[in-house]
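File shown: input10.cif (mmCIF, C-alpha atoms).
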```cif
data_structure
#
loop_
_atom_site.label_atom_id
_atom_site.label_comp_id
_atom_site.auth_asym_id
_atom_site.auth_seq_id
_atom_site.Cartn_x
_atom_site.Cartn_y
_atom_site.Cartn_z
CA MET A 27 113.16 124.21 105.61
CA ALA A 28 115.28 122.21 108.02
CA SER A 29 118.67 120.53 107.93
CA THR A 30 118.56 116.95 106.73
CA ALA A 31 120.69 114.19 105.23
CA ALA A 32 120.30 111.54 102.54
CA ARG A 33 122.25 108.72 100.91
CA VAL A 34 122.10 108.04 97.16
CA SER A 35 123.52 104.94 95.49
CA LEU A 36 123.70 104.69 91.69
CA ARG A 37 124.47 101.31 90.12
CA ALA A 38 126.01 100.59 86.76
CA ASP A 39 122.78 98.93 85.58
CA GLY A 40 120.96 102.26 85.78
CA HIS A 41 119.12 101.72 89.06
CA ALA A 42 119.35 104.06 92.05
CA THR A 43 118.53 103.76 95.74
CA VAL A 44 117.77 106.75 97.96
CA SER A 45 117.88 106.20 101.72
CA LEU A 46 116.87 108.57 104.49
CA ALA A 47 115.24 108.16 107.88
CA GLY A 48 112.15 110.14 106.95
CA HIS A 49 108.52 109.17 107.11
CA ASP A 50 105.56 109.34 104.78
CA ILE A 51 102.32 110.26 106.55
CA VAL A 52 100.41 109.51 103.32
CA THR A 53 101.40 112.88 101.85
CA GLY A 54 103.57 111.46 99.06
CA ALA A 55 107.09 111.72 100.52
CA TYR A 56 108.21 108.52 98.78
CA THR A 57 107.03 109.95 95.47
CA VAL A 58 108.70 113.37 95.71
CA VAL A 59 112.01 111.72 96.67
CA ALA A 60 111.77 109.37 93.70
CA ILE A 61 110.82 112.22 91.34
CA THR A 62 113.75 114.34 92.55
CA ALA A 63 116.33 111.57 92.22
CA ALA A 64 115.03 110.46 88.83
CA ASP A 65 115.16 114.01 87.51
CA ARG A 66 118.72 114.68 88.72
CA LEU A 67 120.11 111.28 87.68
CA GLY A 68 118.37 111.17 84.31
CA LEU A 69 116.54 107.94 85.09
CA SER A 70 113.00 106.67 84.79
CA ILE A 71 111.20 107.02 88.12
CA HIS A 72 110.61 103.25 88.05
CA ARG A 73 114.37 102.75 88.38
CA VAL A 74 114.56 104.63 91.69
CA GLU A 75 114.00 102.79 94.96
CA VAL A 76 113.26 104.92 98.03
CA ARG A 77 113.95 103.55 101.51
CA MET A 78 112.45 105.39 104.46
CA ASP A 79 111.36 102.41 106.52
CA ASP A 80 113.57 102.66 109.61
CA SER A 81 116.03 104.87 111.47
CA THR A 82 119.18 103.26 110.07
CA PRO A 83 119.65 105.63 107.06
CA PRO A 84 120.76 109.28 107.46
CA PRO A 85 118.34 111.33 109.59
CA ALA A 86 115.66 113.44 107.95
CA SER A 87 113.56 116.23 109.32
CA LEU A 88 110.01 115.98 110.63
CA ALA A 89 107.07 115.70 108.23
CA ALA A 90 105.17 118.63 109.71
CA GLY A 91 104.86 122.36 109.37
CA SER A 92 104.75 122.17 105.55
CA ARG A 93 108.50 121.64 105.53
CA HIS A 94 109.02 118.04 104.45
CA THR A 95 109.17 118.26 100.65
CA ALA A 96 111.34 121.38 100.62
CA THR A 97 113.67 119.82 103.18
CA ILE A 98 114.21 116.26 101.98
CA THR A 99 114.39 117.06 98.26
CA HIS A 100 117.27 119.48 98.87
CA ALA A 101 119.32 116.78 100.59
CA VAL A 102 118.51 114.26 97.84
CA THR A 103 119.49 116.81 95.17
CA TRP A 104 122.80 117.50 96.88
CA ALA A 105 123.57 113.78 97.06
CA CYS A 106 122.63 113.24 93.40
CA ASN A 107 124.75 116.20 92.32
CA ALA A 108 127.70 114.77 94.23
CA VAL A 109 127.24 111.41 92.47
CA ILE A 110 127.24 113.11 89.07
CA ARG A 111 130.30 115.19 89.93
CA ARG A 112 132.23 112.11 91.03
CA LEU A 113 131.45 110.37 87.75
CA ALA A 114 132.25 113.53 85.78
CA ASP A 115 135.62 114.12 87.46
CA ALA A 116 136.69 110.57 86.64
CA ALA A 117 135.42 110.80 83.07
CA VAL A 118 137.24 114.02 82.13
CA ALA A 119 140.48 112.69 83.62
CA SER A 120 140.30 109.46 81.60
CA ASN A 121 141.13 108.71 77.99
CA GLY A 122 137.47 108.06 77.18
CA PRO A 123 135.05 110.09 75.02
CA LEU A 124 134.65 112.77 77.71
CA ALA A 125 138.35 113.42 78.20
CA GLY A 126 139.11 117.13 78.40
CA GLN A 127 135.48 118.18 78.92
CA LYS A 128 134.47 120.48 81.79
CA ALA A 129 133.28 118.30 84.67
CA GLU A 130 130.72 120.88 85.85
CA ALA A 131 129.04 120.81 82.42
CA LEU A 132 128.36 117.06 82.40
CA ARG A 133 124.89 115.71 83.17
CA LEU A 134 123.16 112.33 83.35
CA THR A 135 120.41 111.99 80.76
CA ASN A 136 118.60 108.85 79.64
CA GLY A 137 121.25 106.57 81.06
CA ARG A 138 124.21 108.45 79.58
CA LEU A 139 126.79 110.86 80.98
CA GLY A 140 127.67 113.78 78.76
CA ALA A 141 127.52 117.46 77.92
CA LEU A 142 124.58 119.15 76.25
CA PHE A 143 124.98 118.72 72.46
CA GLY A 144 128.38 117.18 73.12
CA PRO A 145 130.06 113.79 73.52
CA ASN A 146 128.63 111.27 75.94
CA GLU A 147 129.11 107.74 77.20
CA PRO A 148 126.92 105.00 78.71
CA LEU A 149 126.20 105.24 82.42
CA GLU A 150 127.59 101.74 82.88
CA ASP A 151 131.02 102.85 81.61
CA ALA A 152 130.99 105.94 83.80
CA VAL A 153 130.14 104.01 86.98
CA ARG A 154 132.53 101.12 86.37
CA ARG A 155 135.37 103.58 85.81
CA VAL A 156 134.91 104.73 89.42
CA THR A 157 133.81 101.52 91.14
CA GLY A 158 132.98 97.95 90.30
CA GLY A 159 129.39 98.12 91.51
CA ALA A 160 127.85 101.42 92.57
CA VAL A 161 128.68 105.01 93.39
CA GLU A 162 127.31 105.97 96.79
CA ILE A 163 127.20 109.44 98.38
CA HIS A 164 126.06 110.55 101.82
CA ALA A 165 125.07 114.22 101.74
CA GLU A 166 123.98 116.71 104.40
CA HIS A 167 122.12 119.88 103.51
CA VAL A 168 122.01 122.92 105.79
CA PRO A 169 119.70 125.68 104.50
CA GLU A 170 121.41 129.03 104.20
CA GLY A 171 120.61 130.89 107.40
CA LEU A 172 120.81 127.93 109.79
CA PRO A 173 124.02 127.40 111.78
CA PRO A 174 126.28 124.46 110.80
CA GLU A 175 125.70 122.82 114.18
CA SER A 176 122.06 122.26 113.20
CA VAL A 177 123.25 119.04 111.50
CA ASP A 178 124.77 117.80 114.76
CA LYS A 179 121.47 118.53 116.49
CA LEU A 180 119.67 116.58 113.75
CA TYR A 181 121.68 113.44 114.54
CA SER A 182 120.74 113.79 118.20
CA GLY A 183 117.05 114.16 117.42
CA LYS A 184 116.79 117.94 117.80
CA LEU A 185 115.32 119.78 114.85
CA ALA A 186 116.05 123.34 113.74
CA MET A 187 113.78 124.96 111.16
CA LEU A 188 114.44 127.97 108.94
CA ARG A 189 111.36 130.07 108.26
CA GLY A 190 110.85 132.31 105.26
CA HIS A 191 111.56 135.56 107.12
CA GLN A 192 114.84 134.23 108.58
CA ARG A 193 116.71 134.10 105.28
CA GLN A 194 119.40 136.67 104.76
CA ASP A 195 118.91 137.29 101.05
CA ILE A 196 115.12 137.39 100.65
CA HIS A 197 111.86 136.69 102.43
CA ALA A 198 110.27 133.60 100.90
CA TYR A 199 106.74 132.38 101.48
CA ALA A 200 104.11 130.52 99.54
CA TYR A 201 101.06 132.64 98.78
CA GLY A 202 97.50 132.02 97.69
CA ALA A 203 94.48 134.15 96.84
CA GLN A 204 90.93 132.81 96.58
CA PHE A 205 87.86 134.34 94.96
CA VAL A 206 84.43 132.98 95.82
CA GLU A 207 80.99 133.74 94.37
CA VAL A 208 78.21 133.13 96.90
CA ARG A 209 74.44 133.58 96.62
CA VAL A 210 72.04 133.87 99.58
CA HIS A 211 68.30 133.31 99.06
CA ARG A 212 66.50 136.46 100.19
CA LEU A 213 63.59 134.55 101.76
CA THR A 214 65.09 131.33 103.13
CA CYS A 215 68.68 132.57 103.64
CA GLU A 216 69.86 129.39 101.96
CA ILE A 217 73.51 129.72 100.91
CA ARG A 218 74.90 128.48 97.61
CA VAL A 219 78.57 128.69 96.62
CA LEU A 220 78.47 128.98 92.84
CA ARG A 221 82.15 128.90 92.03
CA MET A 222 85.62 129.32 93.49
CA ALA A 223 88.89 130.32 91.86
CA GLY A 224 92.33 130.15 93.43
CA ALA A 225 95.71 131.53 92.39
CA PHE A 226 98.86 130.23 94.07
CA ALA A 227 102.59 130.89 94.12
CA ALA A 228 104.51 128.10 95.83
CA GLY A 229 107.96 127.92 94.29
CA THR A 230 109.10 124.76 92.53
CA ILE A 231 106.33 122.17 92.27
CA VAL A 232 107.81 118.69 92.65
CA ASN A 233 104.62 116.64 92.23
CA PRO A 234 101.87 118.53 90.33
CA LEU A 235 99.22 115.96 91.27
CA THR A 236 99.60 116.30 95.03
CA ALA A 237 100.14 120.08 94.75
CA LEU A 238 96.80 120.46 92.95
CA SER A 239 95.15 118.26 95.57
CA GLN A 240 96.60 120.44 98.34
CA TYR A 241 95.34 123.62 96.68
CA MET A 242 91.85 122.19 96.33
CA GLY A 243 91.91 120.82 99.88
CA GLY A 244 92.87 124.21 101.25
CA MET A 245 90.02 125.92 99.42
CA ILE A 246 87.51 123.32 100.60
CA TRP A 247 88.83 123.68 104.14
CA GLY A 248 88.30 127.43 103.90
CA LEU A 249 84.77 126.87 102.66
CA GLY A 250 84.02 124.77 105.73
CA ALA A 251 85.58 127.31 108.08
CA ALA A 252 83.54 130.15 106.59
CA LEU A 253 80.14 128.48 106.30
CA GLU A 254 79.97 125.51 108.65
CA GLU A 255 82.03 126.29 111.75
CA ARG A 256 81.62 128.54 114.74
CA THR A 257 83.81 129.15 117.76
CA GLU A 258 81.78 128.73 120.94
CA ILE A 259 83.08 130.60 124.00
CA ASP A 260 81.95 130.21 127.59
CA LEU A 261 81.47 133.88 128.47
CA ALA A 262 81.58 133.22 132.23
CA HIS A 263 84.99 131.56 132.14
CA ALA A 264 86.39 132.95 128.85
CA ARG A 265 87.16 129.43 127.66
CA TYR A 266 86.66 127.77 124.29
CA VAL A 267 83.92 125.17 124.49
CA ASN A 268 84.56 123.40 121.17
CA ASP A 269 88.34 123.27 121.30
CA ASN A 270 88.84 119.84 119.69
CA LEU A 271 87.95 117.90 116.56
CA SER A 272 84.82 116.24 117.93
CA GLU A 273 82.60 118.97 116.42
CA TYR A 274 84.73 119.63 113.38
CA PRO A 275 82.49 120.00 110.28
CA VAL A 276 84.04 118.80 107.05
CA PRO A 277 82.46 119.86 103.73
CA VAL A 278 81.40 116.87 101.65
CA ASN A 279 80.56 116.47 97.96
CA ALA A 280 77.10 118.01 98.36
CA ASP A 281 78.64 121.10 99.95
CA VAL A 282 81.39 121.53 97.39
#
```

Mind turning this structure into structure tokens?
Amino acid sequence: MASTAARVSLRADGHATVSLAGHDIVTGAYTVVAITAADRLGLSIHRVEVRMDDSTPPPASLAAGSRHTATITHAVTWACNAVIRRLADAAVASNGPLAGQKAEALRLTNGRLGALFGPNEPLEDAVRRVTGGAVEIHAEHVPEGLPPESVDKLYSGKLAMLRGHQRQDIHAYAYGAQFVEVRVHRLTCEIRVLRMAGAFAAGTIVNPLTALSQYMGGMIWGLGAALEERTEIDLAHARYVNDNLSEYPVPVNADV
């Protein structure tokens, strides 16, 4: 993960806007941000607008190195939690239905602020108690293990990334194991891959659809690497001959 920032605005009409200077390279960044905000704010995903279209919003980390989802969703979660806490602090200090409740126990669910199995009030009342229009929070998230100045570097365009073995409490990595059944014809040497099975551990899955697609893509990629590719080396000069994507074989439907 990397340090990143995000801004969340929640309106009294039950619509939210999440802004961050990230980018979606067609990997679903807009969707995971919307899913995260909708889950934390207790809203339908259709009520969340995500803005990542320019560099004006708070800076976000790079969409590379398998870090983007884990990075940006943490910042969005922190901002959403801060919005909820601001509403909760005002609600428990008022003379409304949530007076005297514990602020840390209040959640937003289905457009209402309240405690589990306890009193609640409409989101509109909670927001208008704090502001006339919307509650807006700018949050910065620094993963445990990165120095605080990594946020300052982020604003100047310098990125610092925390890898799984750099954490102080645990080592954390995604893991996958694949099992493949292959048959080779004894006369023609024709290869047939009969079936593949994969087992994965990847922490919290934000978007199951894209996660499944990534698992399948990784297995297909491995199939191509094992059966269709070869590294060609110039023995006289000890150089790779096919060191670019021009000869990159990609398995197609007939292969898979």

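Note that atom CA of Trp247 of chain A and atom CA of Pro275 of chain A are 9.6 Å apart.
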
Which of these, A:Arg112, A:His197, A:Arg218, A:Arg33, has the shortest distance to Val156 of chain A once you count only C-alpha atoms? A:Arg112

Chain and number of each residue from the PyMOL selection byres ((chain A and resi 79) around 12), as a PyMOL selection string: chain A and resi 44-51+55-56+75-78+80-86

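Minimum atom-to-atom distance to Ala60 of chain A, evaluated using only C-alpha atoms, belongs to A:Val232 out of A:Val232, A:Ala280, A:Arg221, A:Leu185.
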
Which of A:Ile98, A:Met27, A:Val282, A:Tyr241 sits closest to His191 of chain A [using all atoms listed in the file]: A:Met27

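Proximity to Ala114 of chain A was assessed for A:Glu150, A:Glu216, A:Glu130, A:Asp39 counting only C-alpha atoms; the smallest distance is recorded for A:Glu130.
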
Report, in Å to a single decimal, how far apart atom CA of Thr57 of chain A and atom CA of Ile246 of chain A are.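 It comes out at 24.2 Å.
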
For segment 174-185 of chain A, supply all heavy atoms and report the output as a PDB file, keeping the file's coordinate frame.
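Output file result-v4.pdb follows:
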```
ATOM      1  N   PRO A 174     125.769 125.801 111.155  1.00  0.00           N
ATOM      2  CA  PRO A 174     126.280 124.460 110.800  1.00  0.00           C
ATOM      3  C   PRO A 174     125.984 123.408 111.851  1.00  0.00           C
ATOM      4  O   PRO A 174     125.797 122.236 111.529  1.00  0.00           O
ATOM      5  CB  PRO A 174     127.796 124.696 110.647  1.00  0.00           C
ATOM      6  CG  PRO A 174     127.928 126.161 110.348  1.00  0.00           C
ATOM      7  CD  PRO A 174     126.818 126.825 111.106  1.00  0.00           C
ATOM      8  N   GLU A 175     125.930 123.811 113.125  1.00  0.00           N
ATOM      9  CA  GLU A 175     125.700 122.820 114.180  1.00  0.00           C
ATOM     10  C   GLU A 175     124.279 122.257 114.159  1.00  0.00           C
ATOM     11  O   GLU A 175     123.966 121.333 114.920  1.00  0.00           O
ATOM     12  CB  GLU A 175     125.985 123.417 115.549  1.00  0.00           C
ATOM     13  CG  GLU A 175     125.218 124.672 115.881  1.00  0.00           C
ATOM     14  CD  GLU A 175     125.990 125.943 115.527  1.00  0.00           C
ATOM     15  OE1 GLU A 175     126.861 125.877 114.629  1.00  0.00           O
ATOM     16  OE2 GLU A 175     125.707 126.979 116.151  1.00  0.00           O
ATOM     17  N   SER A 176     123.408 122.805 113.294  1.00  0.00           N
ATOM     18  CA  SER A 176     122.060 122.260 113.200  1.00  0.00           C
ATOM     19  C   SER A 176     122.071 120.817 112.690  1.00  0.00           C
ATOM     20  O   SER A 176     121.159 120.047 112.983  1.00  0.00           O
ATOM     21  CB  SER A 176     121.185 123.128 112.286  1.00  0.00           C
ATOM     22  OG  SER A 176     121.671 123.129 110.956  1.00  0.00           O
ATOM     23  N   VAL A 177     123.121 120.440 111.941  1.00  0.00           N
ATOM     24  CA  VAL A 177     123.250 119.040 111.500  1.00  0.00           C
ATOM     25  C   VAL A 177     123.569 118.144 112.678  1.00  0.00           C
ATOM     26  O   VAL A 177     123.019 117.041 112.811  1.00  0.00           O
ATOM     27  CB  VAL A 177     124.334 118.918 110.409  1.00  0.00           C
ATOM     28  CG1 VAL A 177     124.604 117.447 110.104  1.00  0.00           C
ATOM     29  CG2 VAL A 177     123.892 119.618 109.148  1.00  0.00           C
ATOM     30  N   ASP A 178     124.466 118.594 113.565  1.00  0.00           N
ATOM     31  CA  ASP A 178     124.770 117.800 114.760  1.00  0.00           C
ATOM     32  C   ASP A 178     123.529 117.607 115.617  1.00  0.00           C
ATOM     33  O   ASP A 178     123.291 116.527 116.163  1.00  0.00           O
ATOM     34  CB  ASP A 178     125.860 118.495 115.581  1.00  0.00           C
ATOM     35  CG  ASP A 178     127.181 118.595 114.832  1.00  0.00           C
ATOM     36  OD1 ASP A 178     127.431 117.702 114.005  1.00  0.00           O
ATOM     37  OD2 ASP A 178     127.937 119.546 115.066  1.00  0.00           O
ATOM     38  N   LYS A 179     122.705 118.651 115.719  1.00  0.00           N
ATOM     39  CA  LYS A 179     121.470 118.530 116.490  1.00  0.00           C
ATOM     40  C   LYS A 179     120.523 117.543 115.827  1.00  0.00           C
ATOM     41  O   LYS A 179     119.789 116.814 116.507  1.00  0.00           O
ATOM     42  CB  LYS A 179     120.805 119.896 116.604  1.00  0.00           C
ATOM     43  CG  LYS A 179     121.565 120.889 117.469  1.00  0.00           C
ATOM     44  CD  LYS A 179     120.816 122.204 117.575  1.00  0.00           C
ATOM     45  CE  LYS A 179     121.556 123.186 118.473  1.00  0.00           C
ATOM     46  NZ  LYS A 179     120.845 124.484 118.575  1.00  0.00           N
ATOM     47  N   LEU A 180     120.527 117.511 114.476  1.00  0.00           N
ATOM     48  CA  LEU A 180     119.670 116.580 113.750  1.00  0.00           C
ATOM     49  C   LEU A 180     119.991 115.139 114.126  1.00  0.00           C
ATOM     50  O   LEU A 180     119.089 114.328 114.360  1.00  0.00           O
ATOM     51  CB  LEU A 180     119.835 116.792 112.245  1.00  0.00           C
ATOM     52  CG  LEU A 180     119.086 115.838 111.320  1.00  0.00           C
ATOM     53  CD1 LEU A 180     117.587 116.093 111.399  1.00  0.00           C
ATOM     54  CD2 LEU A 180     119.566 115.996 109.875  1.00  0.00           C
ATOM     55  N   TYR A 181     121.282 114.805 114.209  1.00  0.00           N
ATOM     56  CA  TYR A 181     121.680 113.440 114.540  1.00  0.00           C
ATOM     57  C   TYR A 181     121.333 113.069 115.984  1.00  0.00           C
ATOM     58  O   TYR A 181     121.256 111.889 116.312  1.00  0.00           O
ATOM     59  CB  TYR A 181     123.172 113.253 114.302  1.00  0.00           C
ATOM     60  CG  TYR A 181     123.527 113.082 112.834  1.00  0.00           C
ATOM     61  CD1 TYR A 181     123.797 114.184 112.035  1.00  0.00           C
ATOM     62  CD2 TYR A 181     123.573 111.818 112.248  1.00  0.00           C
ATOM     63  CE1 TYR A 181     124.108 114.037 110.703  1.00  0.00           C
ATOM     64  CE2 TYR A 181     123.889 111.656 110.910  1.00  0.00           C
ATOM     65  CZ  TYR A 181     124.154 112.776 110.138  1.00  0.00           C
ATOM     66  OH  TYR A 181     124.456 112.626 108.807  1.00  0.00           O
ATOM     67  N   SER A 182     121.123 114.066 116.819  1.00  0.00           N
ATOM     68  CA  SER A 182     120.740 113.790 118.200  1.00  0.00           C
ATOM     69  C   SER A 182     119.242 113.935 118.420  1.00  0.00           C
ATOM     70  O   SER A 182     118.765 113.908 119.557  1.00  0.00           O
ATOM     71  CB  SER A 182     121.495 114.727 119.156  1.00  0.00           C
ATOM     72  OG  SER A 182     121.148 116.081 118.915  1.00  0.00           O
ATOM     73  N   GLY A 183     118.502 114.112 117.323  1.00  0.00           N
ATOM     74  CA  GLY A 183     117.050 114.160 117.420  1.00  0.00           C
ATOM     75  C   GLY A 183     116.470 115.523 117.703  1.00  0.00           C
ATOM     76  O   GLY A 183     115.283 115.644 118.024  1.00  0.00           O
ATOM     77  N   LYS A 184     117.274 116.574 117.575  1.00  0.00           N
ATOM     78  CA  LYS A 184     116.790 117.940 117.800  1.00  0.00           C
ATOM     79  C   LYS A 184     116.726 118.664 116.468  1.00  0.00           C
ATOM     80  O   LYS A 184     117.705 118.735 115.739  1.00  0.00           O
ATOM     81  CB  LYS A 184     117.723 118.679 118.762  1.00  0.00           C
ATOM     82  CG  LYS A 184     117.842 118.015 120.124  1.00  0.00           C
ATOM     83  CD  LYS A 184     118.841 118.744 121.009  1.00  0.00           C
ATOM     84  CE  LYS A 184     118.991 118.053 122.357  1.00  0.00           C
ATOM     85  NZ  LYS A 184     119.999 118.724 123.208  1.00  0.00           N
ATOM     86  N   LEU A 185     115.548 119.194 116.162  1.00  0.00           N
ATOM     87  CA  LEU A 185     115.320 119.780 114.850  1.00  0.00           C
ATOM     88  C   LEU A 185     115.372 121.301 114.913  1.00  0.00           C
ATOM     89  O   LEU A 185     114.840 121.921 115.829  1.00  0.00           O
ATOM     90  CB  LEU A 185     113.962 119.332 114.307  1.00  0.00           C
ATOM     91  CG  LEU A 185     113.741 117.820 114.227  1.00  0.00           C
ATOM     92  CD1 LEU A 185     112.339 117.530 113.711  1.00  0.00           C
ATOM     93  CD2 LEU A 185     114.789 117.155 113.353  1.00  0.00           C
TER      94      LEU A 185
END
```
